[in-house]
>>> print(open('my_file.json').read())   # JSON, C-alpha atoms and all ligand atoms
[["chain", "number", "residue", "atom", "x", "y", "z"],
["C", 12, "MET", "CA", -2.01, -40.19, 42.80],
["C", 13, "SER", "CA", -1.78, -41.48, 39.25],
["C", 14, "LEU", "CA", -2.43, -39.34, 36.18],
["C", 15, "THR", "CA", -3.23, -42.32, 33.96],
["C", 16, "PRO", "CA", -5.17, -44.40, 33.09],
["C", 17, "MET", "CA", -7.78, -41.71, 33.14],
["C", 18, "LYS", "CA", -11.47, -42.34, 33.76],
["C", 19, "ALA", "CA", -14.40, -40.25, 32.54],
["C", 20, "VAL", "CA", -17.39, -39.07, 34.55],
["C", 21, "ILE", "CA", -20.56, -38.03, 32.72],
["C", 22, "PRO", "CA", -23.14, -36.31, 34.94],
["C", 23, "ALA", "CA", -26.59, -37.26, 33.60],
["C", 24, "ALA", "CA", -28.93, -36.73, 36.54],
["C", 25, "GLY", "CA", -30.47, -33.38, 35.59],
["C", 26, "LEU", "CA", -34.23, -33.08, 35.24],
["C", 27, "GLY", "CA", -34.13, -31.87, 31.64],
["C", 28, "THR", "CA", -37.05, -29.53, 32.26],
["C", 29, "ARG", "CA", -36.34, -27.48, 29.12],
["C", 30, "PHE", "CA", -37.27, -30.49, 26.99],
["C", 31, "LEU", "CA", -40.50, -31.55, 28.68],
["C", 32, "PRO", "CA", -42.53, -33.54, 27.82],
["C", 33, "ALA", "CA", -39.83, -35.43, 25.83],
["C", 34, "THR", "CA", -37.85, -35.84, 29.06],
["C", 35, "LYS", "CA", -40.79, -36.90, 31.21],
["C", 36, "ALA", "CA", -39.84, -40.59, 31.09],
["C", 37, "MET", "CA", -36.43, -40.35, 29.42],
["C", 38, "PRO", "CA", -33.20, -38.60, 30.47],
["C", 39, "LYS", "CA", -32.29, -35.64, 28.25],
["C", 40, "GLU", "CA", -28.93, -37.31, 27.53],
["C", 41, "MET", "CA", -30.88, -39.89, 25.50],
["C", 42, "LEU", "CA", -32.42, -37.32, 23.14],
["C", 43, "PRO", "CA", -31.29, -38.23, 19.62],
["C", 44, "VAL", "CA", -28.88, -35.95, 17.79],
["C", 45, "VAL", "CA", -29.54, -37.18, 14.23],
["C", 46, "ASP", "CA", -29.56, -40.92, 14.98],
["C", 47, "LYS", "CA", -27.49, -41.29, 18.13],
["C", 48, "PRO", "CA", -28.36, -40.23, 21.68],
["C", 49, "ALA", "CA", -26.37, -37.18, 22.84],
["C", 50, "ILE", "CA", -24.56, -39.20, 25.51],
["C", 51, "GLN", "CA", -23.11, -41.58, 22.93],
["C", 52, "TYR", "CA", -21.24, -38.71, 21.22],
["C", 53, "VAL", "CA", -19.69, -37.90, 24.61],
["C", 54, "ALA", "CA", -18.73, -41.53, 25.31],
["C", 55, "GLU", "CA", -17.18, -41.73, 21.81],
["C", 56, "GLU", "CA", -15.19, -38.56, 22.48],
["C", 57, "ALA", "CA", -13.85, -40.11, 25.72],
["C", 58, "ALA", "CA", -12.94, -43.33, 23.90],
["C", 59, "ARG", "CA", -11.10, -41.35, 21.17],
["C", 60, "ALA", "CA", -8.98, -39.71, 23.91],
["C", 61, "GLY", "CA", -7.99, -43.19, 25.14],
["C", 62, "ILE", "CA", -10.45, -43.44, 28.06],
["C", 63, "ASP", "CA", -12.00, -46.87, 28.47],
["C", 64, "ASP", "CA", -13.71, -46.52, 31.86],
["C", 65, "ILE", "CA", -16.77, -44.27, 32.02],
["C", 66, "LEU", "CA", -18.93, -43.57, 35.07],
["C", 67, "VAL", "CA", -22.37, -42.08, 34.39],
["C", 68, "ILE", "CA", -24.03, -40.23, 37.28],
["C", 69, "ILE", "CA", -27.69, -41.04, 36.82],
["C", 70, "GLY", "CA", -30.93, -39.76, 38.26],
["C", 71, "ARG", "CA", -34.42, -41.07, 37.75],
["C", 72, "ASN", "CA", -35.25, -42.92, 34.51],
["C", 73, "LYS", "CA", -31.73, -44.36, 34.48],
["C", 74, "ASN", "CA", -32.61, -47.53, 32.63],
["C", 75, "ALA", "CA", -32.65, -46.05, 29.16],
["C", 76, "ILE", "CA", -28.99, -44.97, 29.55],
["C", 77, "SER", "CA", -27.68, -48.26, 30.94],
["C", 78, "ASP", "CA", -29.73, -50.26, 28.40],
["C", 79, "HIS", "CA", -28.28, -48.20, 25.57],
["C", 80, "PHE", "CA", -24.72, -49.18, 26.47],
["C", 81, "ASP", "CA", -25.65, -52.83, 27.05],
["C", 82, "SER", "CA", -25.64, -55.53, 24.40],
["C", 83, "VAL", "CA", -29.04, -56.63, 23.06],
["C", 84, "PRO", "CA", -28.56, -60.27, 21.91],
["C", 85, "GLU", "CA", -32.07, -60.64, 20.34],
["C", 86, "LEU", "CA", -31.58, -57.54, 18.20],
["C", 87, "GLU", "CA", -28.01, -58.50, 17.26],
["C", 88, "ASP", "CA", -29.08, -62.05, 16.26],
["C", 89, "ARG", "CA", -31.96, -60.68, 14.19],
["C", 90, "LEU", "CA", -29.65, -58.29, 12.28],
["C", 91, "LYS", "CA", -27.06, -61.08, 11.82],
["C", 92, "ASP", "CA", -29.76, -63.40, 10.40],
["C", 93, "LYS", "CA", -30.84, -60.68, 7.97],
["C", 94, "GLY", "CA", -27.21, -60.04, 6.97],
["C", 95, "ASP", "CA", -27.67, -56.36, 7.91],
["C", 96, "THR", "CA", -24.03, -55.73, 8.82],
["C", 97, "VAL", "CA", -24.31, -51.93, 8.66],
["C", 98, "ARG", "CA", -27.01, -51.70, 11.32],
["C", 99, "LEU", "CA", -25.38, -54.49, 13.33],
["C", 100, "ARG", "CA", -22.19, -52.44, 13.47],
["C", 101, "ARG", "CA", -24.16, -49.39, 14.65],
["C", 102, "VAL", "CA", -25.82, -51.41, 17.41],
["C", 103, "LEU", "CA", -22.52, -52.91, 18.57],
["C", 104, "GLU", "CA", -20.73, -49.54, 18.55],
["C", 105, "SER", "CA", -22.43, -48.31, 21.70],
["C", 106, "SER", "CA", -21.91, -51.52, 23.70],
["C", 107, "ASP", "CA", -18.23, -51.86, 22.68],
["C", 108, "LEU", "CA", -17.21, -48.28, 23.45],
["C", 109, "ALA", "CA", -15.94, -48.52, 27.01],
["C", 110, "ASP", "CA", -16.44, -50.17, 30.34],
["C", 111, "MET", "CA", -19.58, -48.36, 31.55],
["C", 112, "HIS", "CA", -20.45, -47.87, 35.23],
["C", 113, "PHE", "CA", -23.41, -46.16, 36.84],
["C", 114, "VAL", "CA", -24.00, -44.45, 40.16],
["C", 115, "ARG", "CA", -27.08, -42.63, 41.38],
["C", 116, "GLN", "CA", -27.05, -39.01, 42.46],
["C", 117, "GLY", "CA", -30.28, -39.23, 44.45],
["C", 118, "GLU", "CA", -31.33, -35.63, 44.88],
["C", 119, "PRO", "CA", -30.06, -33.29, 42.15],
["C", 120, "LYS", "CA", -28.09, -30.79, 44.27],
["C", 121, "GLY", "CA", -25.88, -29.39, 41.54],
["C", 122, "LEU", "CA", -22.99, -30.32, 39.27],
["C", 123, "GLY", "CA", -20.45, -30.26, 42.11],
["C", 124, "HIS", "CA", -22.61, -32.65, 44.11],
["C", 125, "ALA", "CA", -22.96, -34.96, 41.09],
["C", 126, "VAL", "CA", -19.18, -35.03, 40.58],
["C", 127, "LEU", "CA", -18.67, -35.84, 44.27],
["C", 128, "ARG", "CA", -20.72, -39.02, 43.71],
["C", 129, "ALA", "CA", -17.83, -40.26, 41.53],
["C", 130, "LYS", "CA", -15.32, -40.20, 44.41],
["C", 131, "ALA", "CA", -15.34, -43.92, 45.25],
["C", 132, "HIS", "CA", -15.19, -45.06, 41.62],
["C", 133, "VAL", "CA", -12.47, -42.61, 40.59],
["C", 134, "GLY", "CA", -10.29, -43.37, 43.64],
["C", 135, "ASP", "CA", -6.74, -42.12, 43.31],
["C", 136, "CYS", "CA", -6.87, -41.44, 39.56],
["C", 137, "SER", "CA", -7.18, -38.32, 37.48],
["C", 138, "PHE", "CA", -10.45, -38.08, 35.60],
["C", 139, "ALA", "CA", -12.33, -36.14, 32.95],
["C", 140, "VAL", "CA", -15.76, -34.64, 33.63],
["C", 141, "MET", "CA", -17.75, -34.43, 30.41],
["C", 142, "LEU", "CA", -21.12, -32.68, 30.23],
["C", 143, "GLY", "CA", -23.59, -34.14, 27.77],
["C", 144, "ASP", "CA", -25.08, -30.78, 26.77],
["C", 145, "ASP", "CA", -21.85, -29.78, 25.05],
["C", 146, "LEU", "CA", -20.97, -31.82, 21.98],
["C", 147, "ILE", "CA", -17.50, -31.31, 20.54],
["C", 148, "ASP", "CA", -17.14, -32.05, 16.84],
["C", 149, "GLU", "CA", -15.05, -35.16, 16.36],
["C", 150, "ARG", "CA", -12.97, -33.36, 13.71],
["C", 151, "ASP", "CA", -11.69, -30.90, 16.35],
["C", 152, "GLU", "CA", -9.25, -31.76, 19.11],
["C", 153, "LEU", "CA", -9.94, -30.80, 22.72],
["C", 154, "LEU", "CA", -9.88, -33.54, 25.36],
["C", 155, "SER", "CA", -6.49, -34.96, 24.34],
["C", 156, "LEU", "CA", -4.98, -31.43, 24.55],
["C", 157, "MET", "CA", -6.46, -31.03, 28.03],
["C", 158, "ILE", "CA", -5.08, -34.39, 29.18],
["C", 159, "ALA", "CA", -1.63, -33.44, 27.81],
["C", 160, "GLU", "CA", -1.77, -30.15, 29.77],
["C", 161, "HIS", "CA", -2.84, -32.00, 32.93],
["C", 162, "GLU", "CA", 0.19, -34.26, 32.56],
["C", 163, "ARG", "CA", 2.57, -31.40, 31.70],
["C", 164, "THR", "CA", 1.56, -29.50, 34.86],
["C", 165, "GLY", "CA", 1.87, -32.58, 37.07],
["C", 166, "GLY", "CA", -1.86, -32.76, 37.80],
["C", 167, "ALA", "CA", -3.29, -29.22, 37.66],
["C", 168, "ALA", "CA", -7.03, -28.92, 36.97],
["C", 169, "VAL", "CA", -7.60, -28.14, 33.28],
["C", 170, "ILE", "CA", -10.82, -26.64, 31.96],
["C", 171, "ALA", "CA", -12.05, -25.96, 28.44],
["C", 172, "LEU", "CA", -12.78, -22.31, 27.68],
["C", 173, "MET", "CA", -14.49, -20.74, 24.70],
["C", 174, "GLU", "CA", -15.11, -17.13, 23.75],
["C", 175, "VAL", "CA", -18.84, -16.45, 23.81],
["C", 176, "ASP", "CA", -21.04, -13.47, 22.98],
["C", 177, "PRO", "CA", -21.19, -11.27, 26.14],
["C", 178, "ASP", "CA", -25.01, -11.32, 25.85],
["C", 179, "HIS", "CA", -24.95, -15.07, 26.59],
["C", 180, "ILE", "CA", -22.19, -15.10, 29.22],
["C", 181, "ASP", "CA", -24.69, -15.42, 32.10],
["C", 182, "ALA", "CA", -25.36, -19.05, 31.10],
["C", 183, "TYR", "CA", -21.80, -20.15, 31.92],
["C", 184, "GLY", "CA", -19.01, -20.35, 34.43],
["C", 185, "VAL", "CA", -16.64, -17.50, 33.46],
["C", 186, "ALA", "CA", -12.87, -17.33, 33.95],
["C", 187, "SER", "CA", -10.39, -14.55, 34.57],
["C", 188, "VAL", "CA", -7.09, -15.59, 33.01],
["C", 189, "GLU", "CA", -3.43, -14.75, 32.48],
["C", 190, "GLN", "CA", -1.43, -15.68, 29.40],
["C", 191, "THR", "CA", 1.11, -18.49, 29.80],
["C", 192, "GLY", "CA", 3.11, -17.87, 26.66],
["C", 193, "ALA", "CA", 1.88, -21.17, 25.20],
["C", 194, "GLU", "CA", -0.56, -20.78, 22.30],
["C", 195, "GLY", "CA", -4.14, -21.54, 23.39],
["C", 196, "ILE", "CA", -3.26, -22.25, 27.04],
["C", 197, "VAL", "CA", -4.05, -19.79, 29.84],
["C", 198, "LYS", "CA", -3.62, -19.77, 33.59],
["C", 199, "VAL", "CA", -6.97, -19.38, 35.34],
["C", 200, "THR", "CA", -6.81, -16.84, 38.16],
["C", 201, "GLY", "CA", -10.50, -16.92, 39.12],
["C", 202, "LEU", "CA", -13.90, -18.35, 38.21],
["C", 203, "VAL", "CA", -17.44, -17.22, 38.74],
["C", 204, "GLU", "CA", -20.61, -19.17, 38.03],
["C", 205, "LYS", "CA", -23.17, -17.51, 35.74],
["C", 206, "PRO", "CA", -22.32, -13.84, 36.39],
["C", 207, "ARG", "CA", -24.41, -10.98, 35.00],
["C", 208, "LYS", "CA", -22.95, -9.54, 31.80],
["C", 209, "GLU", "CA", -21.69, -6.44, 33.64],
["C", 210, "ASP", "CA", -19.96, -8.54, 36.34],
["C", 211, "ALA", "CA", -18.31, -11.10, 34.02],
["C", 212, "PRO", "CA", -14.51, -11.04, 34.33],
["C", 213, "SER", "CA", -14.07, -11.92, 30.62],
["C", 214, "ASN", "CA", -15.89, -13.45, 27.66],
["C", 215, "LEU", "CA", -14.21, -16.82, 28.27],
["C", 216, "ALA", "CA", -16.89, -19.34, 29.20],
["C", 217, "VAL", "CA", -16.32, -22.75, 30.71],
["C", 218, "ILE", "CA", -17.60, -25.38, 28.30],
["C", 219, "GLY", "CA", -18.39, -28.80, 29.65],
["C", 220, "ARG", "CA", -14.98, -30.52, 29.71],
["C", 221, "TYR", "CA", -12.77, -30.68, 32.82],
["C", 222, "VAL", "CA", -9.66, -32.78, 33.55],
["C", 223, "LEU", "CA", -9.22, -33.06, 37.29],
["C", 224, "ALA", "CA", -7.08, -34.68, 39.95],
["C", 225, "PRO", "CA", -8.86, -36.39, 42.88],
["C", 226, "ARG", "CA", -7.95, -33.45, 45.19],
["C", 227, "VAL", "CA", -11.09, -31.75, 43.82],
["C", 228, "PHE", "CA", -13.20, -34.15, 45.93],
["C", 229, "ASP", "CA", -11.79, -32.74, 49.19],
["C", 230, "VAL", "CA", -12.63, -29.25, 47.99],
["C", 231, "LEU", "CA", -16.15, -30.27, 46.86],
["C", 232, "GLU", "CA", -16.80, -31.78, 50.28],
["C", 233, "ARG", "CA", -16.18, -28.34, 51.81],
["C", 234, "THR", "CA", -17.98, -26.36, 49.09],
["C", 235, "GLU", "CA", -21.14, -24.61, 50.31],
["C", 236, "PRO", "CA", -24.17, -24.28, 48.03],
["C", 237, "GLY", "CA", -23.62, -21.38, 45.61],
["C", 238, "LYS", "CA", -25.54, -20.05, 42.61],
["C", 239, "GLY", "CA", -29.11, -21.39, 42.58],
["C", 240, "GLY", "CA", -28.58, -23.02, 46.00],
["C", 241, "GLU", "CA", -26.57, -25.79, 44.29],
["C", 242, "ILE", "CA", -23.08, -27.12, 44.96],
["C", 243, "GLN", "CA", -21.18, -25.73, 42.01],
["C", 244, "LEU", "CA", -18.12, -27.33, 40.40],
["C", 245, "THR", "CA", -17.11, -23.79, 39.36],
["C", 246, "ASP", "CA", -16.84, -22.77, 43.05],
["C", 247, "ALA", "CA", -14.56, -25.74, 43.81],
["C", 248, "LEU", "CA", -12.38, -24.80, 40.82],
["C", 249, "GLN", "CA", -12.26, -21.18, 42.02],
["C", 250, "ALA", "CA", -10.87, -22.53, 45.34],
["C", 251, "LEU", "CA", -8.25, -24.58, 43.45],
["C", 252, "ALA", "CA", -7.32, -21.60, 41.24],
["C", 253, "THR", "CA", -6.67, -19.39, 44.27],
["C", 254, "ASP", "CA", -4.90, -22.00, 46.45],
["C", 255, "PRO", "CA", -1.28, -20.81, 46.72],
["C", 256, "ASP", "CA", -0.09, -24.30, 47.70],
["C", 257, "GLY", "CA", -1.69, -26.22, 44.82],
["C", 258, "PRO", "CA", -0.80, -26.62, 41.13],
["C", 259, "GLY", "CA", -3.61, -24.26, 40.08],
["C", 260, "VAL", "CA", -6.06, -24.33, 37.20],
["C", 261, "TYR", "CA", -5.26, -24.00, 33.49],
["C", 262, "GLY", "CA", -7.57, -23.38, 30.57],
["C", 263, "VAL", "CA", -7.39, -24.77, 27.03],
["C", 264, "ILE", "CA", -9.04, -22.29, 24.66],
["C", 265, "PHE", "CA", -11.26, -24.17, 22.22],
["C", 266, "ARG", "CA", -11.84, -22.58, 18.81],
["C", 267, "GLY", "CA", -13.46, -25.57, 17.12],
["C", 268, "ARG", "CA", -17.03, -26.64, 16.54],
["C", 269, "ARG", "CA", -19.17, -27.04, 19.66],
["C", 270, "TYR", "CA", -22.85, -27.86, 19.63],
["C", 271, "ASP", "CA", -24.98, -26.89, 22.62],
["C", 272, "THR", "CA", -27.77, -29.43, 22.96],
["C", 273, "GLY", "CA", -29.03, -28.07, 26.30],
["C", 274, "ASP", "CA", -31.17, -25.39, 24.68],
["C", 275, "ARG", "CA", -34.01, -26.23, 22.27],
["C", 276, "VAL", "CA", -33.02, -23.84, 19.48],
["C", 277, "ASP", "CA", -29.35, -24.82, 19.70],
["C", 278, "TYR", "CA", -30.32, -28.50, 19.84],
["C", 279, "ILE", "CA", -32.22, -28.17, 16.56],
["C", 280, "LYS", "CA", -29.29, -26.28, 15.01],
["C", 281, "ALA", "CA", -26.92, -29.07, 16.13],
["C", 282, "ILE", "CA", -29.03, -31.72, 14.42],
["C", 283, "VAL", "CA", -29.27, -29.68, 11.21],
["C", 284, "GLN", "CA", -25.52, -28.96, 11.12],
["C", 285, "LEU", "CA", -24.43, -32.51, 11.91],
["C", 286, "ALA", "CA", -26.89, -34.08, 9.47],
["C", 287, "ALA", "CA", -25.91, -31.66, 6.67],
["C", 288, "ASP", "CA", -22.25, -32.66, 7.12],
["C", 289, "ARG", "CA", -22.89, -36.39, 6.90],
["C", 290, "ASP", "CA", -22.16, -38.31, 3.71],
["C", 291, "ASP", "CA", -25.27, -40.48, 4.08],
["C", 292, "LEU", "CA", -27.75, -37.66, 4.84],
["C", 293, "GLY", "CA", -26.15, -34.42, 3.63],
["C", 294, "PRO", "CA", -26.70, -34.87, -0.13],
["C", 295, "ALA", "CA", -30.45, -35.37, 0.33],
["C", 296, "LEU", "CA", -30.81, -32.60, 2.90],
["C", 297, "ARG", "CA", -28.72, -29.73, 1.54],
["C", 298, "PRO", "CA", -30.88, -28.90, -1.53],
["C", 299, "TRP", "CA", -33.98, -29.09, 0.65],
["C", 300, "PHE", "CA", -32.49, -26.64, 3.18],
["C", 301, "LYS", "CA", -32.00, -24.10, 0.37],
["C", 302, "GLU", "CA", -35.55, -24.55, -0.85],
["C", 303, "PHE", "CA", -36.91, -24.30, 2.67],
["C", 304, "ALA", "CA", -34.85, -21.18, 3.49],
["C", 305, "ALA", "CA", -35.92, -19.50, 0.22],
["C", 306, "GLY", "CA", -39.57, -19.92, 1.25],
["C", 307, "LEU", "CA", -39.11, -18.30, 4.69],
["M", 401, "LIG", "C1", -22.69, -26.01, 33.74],
["M", 401, "LIG", "C2", -21.64, -25.34, 34.62],
["M", 401, "LIG", "C3", -21.16, -24.04, 33.97],
["M", 401, "LIG", "C4", -20.66, -24.33, 32.56],
["M", 401, "LIG", "C5", -21.76, -25.04, 31.74],
["M", 401, "LIG", "C6", -21.20, -25.48, 30.39],
["M", 401, "LIG", "O1", -23.86, -25.21, 33.76],
["M", 401, "LIG", "O2", -22.17, -25.10, 35.90],
["M", 401, "LIG", "O3", -20.12, -23.47, 34.74],
["M", 401, "LIG", "O4", -20.26, -23.12, 31.94],
["M", 401, "LIG", "O5", -22.23, -26.21, 32.42],
["M", 401, "LIG", "O6", -22.20, -26.03, 29.58],
["M", 401, "LIG", "P1", -25.30, -25.77, 33.22],
["M", 401, "LIG", "O7", -25.28, -25.58, 31.74],
["M", 401, "LIG", "O8", -25.38, -27.21, 33.61],
["M", 401, "LIG", "O9", -26.32, -24.91, 33.88]]
>>> encode(input="my_file.json", output="structure tokens", more="lines below")
Ligand code: G1P
Amino acid sequence: MSLTPMKAVIPAAGLGTRFLPATKAMPKEMLPVVDKPAIQYVAEEAARAGIDDILVIIGRNKNAISDHFDSVPELEDRLKDKGDTVRLRRVLESSDLADMHFVRQGEPKGLGHAVLRAKAHVGDCSFAVMLGDDLIDERDELLSLMIAEHERTGGAAVIALMEVDPDHIDAYGVASVEQTGAEGIVKVTGLVEKPRKEDAPSNLAVIGRYVLAPRVFDVLERTEPGKGGEIQLTDALQALATDPDGPGVYGVIFRGRRYDTGDRVDYIKAIVQLAADRDDLGPALRPWFKEFAAGL
């Protein structure tokens, strides 16, 4: 097994029912967050952590995703002819990011099932699973810390954890943990998918970043359908965390800026926050926000 070079796997085969009808003919990963589709932020995050091979697990309506990461010679030539170098650079950014690969999930049978579809492509390498609903602000470090922890532990599974309001804990995988002595790193002793508030072992929620060794595939192959009748990645990680013969599971506690684009209200908040912070849009938007808020 080799820990590097690491590949990334982005599951993008969900039905996106919360965003219908926008997601009727388009995957939810293509919804724009300001002026980039959500999945491009995730691919950029992978590239910043040094990953240059990305596998996207696609469902129906896959073409929009693969087209987005492809080059578009007619559009590029047109922008070159017009001397529009700024927009040309934006168009090229998505096709130059990484070596993109695509595999179909077929039936959506859960996140664990989607990750299992990456087995052949990932092979004997460690890999990062990155969920498109969770956007991590590029000014805050997470994935590189997780990769460093994966290397330090000789290949343990590493998950990203964040403290969340107990009233929202039932939307997440939740970890029970022990301190390791290292700041911001915990040992995960157990995991449960979407528990009720009163059953949650902590307020530490799994956010959508995982750094895994290929041994997780063997576990996923044996994992029975869990919560919601789906094969859950959380259940496979619970098996790894409680395996006395394996290297276990560690958590990196993230205290930075995370934007949840899987929920409509949070998606709108993400757009507002990211646009307000941008040099090209913020100055025009910020005074308007104040005016708008004053009138509410
Ligand atoms: C998935 C995982 C869950 C995790 C969450 C993070 O759930 O199953 O454990 O906490 O992503 O966003 P989903 O949001 O896809 O229902």
>>> closest_atom_pairs(input="my_file.json", of="chain C", to="ligand LIG 401 (chain M)", cutoff="9 Å", atoms="only C-alpha atoms and all ligand atoms", output="CSV")
residue,atom,partner,partner_atom,distance
C:Gly25,CA,M:LIG401,O8,8.2
C:Gly121,CA,M:LIG401,O2,8.0
C:Leu122,CA,M:LIG401,O2,6.3
C:Gly123,CA,M:LIG401,O2,8.3
C:Leu142,CA,M:LIG401,O6,6.8
C:Gly143,CA,M:LIG401,O6,8.4
C:Asp144,CA,M:LIG401,O6,6.2
C:Asp145,CA,M:LIG401,O6,5.9
C:Leu172,CA,M:LIG401,O4,8.6
C:Ile180,CA,M:LIG401,O4,8.7
C:Asp181,CA,M:LIG401,O4,8.9
C:Ala182,CA,M:LIG401,O9,6.6
C:Tyr183,CA,M:LIG401,O4,3.3
C:Gly184,CA,M:LIG401,O3,3.3
C:Val185,CA,M:LIG401,O4,6.9
C:Leu202,CA,M:LIG401,O3,8.8
C:Val203,CA,M:LIG401,O3,7.9
C:Glu204,CA,M:LIG401,O3,5.4
C:Lys205,CA,M:LIG401,O3,6.8
C:Ala216,CA,M:LIG401,O4,5.8
C:Val217,CA,M:LIG401,O4,4.1
C:Ile218,CA,M:LIG401,C6,4.2
C:Gly219,CA,M:LIG401,C6,4.4
C:Arg220,CA,M:LIG401,C6,8.0
C:Gln243,CA,M:LIG401,O2,6.2
C:Leu244,CA,M:LIG401,O2,6.5
C:Thr245,CA,M:LIG401,O3,5.5
C:Asp246,CA,M:LIG401,O3,9.0
C:Asp271,CA,M:LIG401,O6,7.5
C:Gly273,CA,M:LIG401,O7,7.1
>>> atom_distance(input="my_file.json", atom1="atom CA of C:Ile68", atom2="atom CA of C:Gly262")
24.5 Å
>>> closest_atom_pairs(input="my_file.json", of="stretch 44-111 of chain C", to="stretch 277-280 of chain C", cutoff="12 Å", atoms="only C-alpha atoms", output="CSV")
residue,atom,partner,partner_atom,distance
C:Val44,CA,C:Tyr278,CA,7.9
C:Val45,CA,C:Ile279,CA,9.7
C:Ala49,CA,C:Tyr278,CA,10.0
>>> residues_near_point(input="my_file.json", point="(-38.4, -41.6, 29.6)", cutoff="9 Å", atoms="only C-alpha atoms", output="JSON, numbers by chain")
{"C": [33, 34, 35, 36, 37, 38, 39, 41, 72, 73, 74, 75]}
>>> atom_distance(input="my_file.json", atom1="atom CA of C:Val222", atom2="atom CA of C:Met141")
8.8 Å
>>> closest_residue(input="my_file.json", among="C:Ile21, C:Ala60, C:Val227, C:Ala54", to="C:Ser105", atoms="only C-alpha atoms")
C:Ala54
>>> atom_distance(input="my_file.json", atom1="atom CA of C:Pro119", atom2="atom CA of C:Ile62")
26.2 Å
>>> residues_around(input="my_file.json", residues="C:Ile50", least_positions_apart="2", cutoff="6 Å", atoms="all atoms listed in the file", output="count of residues only")
5
>>> residues_near_point(input="my_file.json", point="(-17.0, -27.3, 48.6)", cutoff="12 Å", atoms="all atoms listed in the file", output="PyMOL selection string")
chain C and resi 121-124+126-127+226-237+241-251
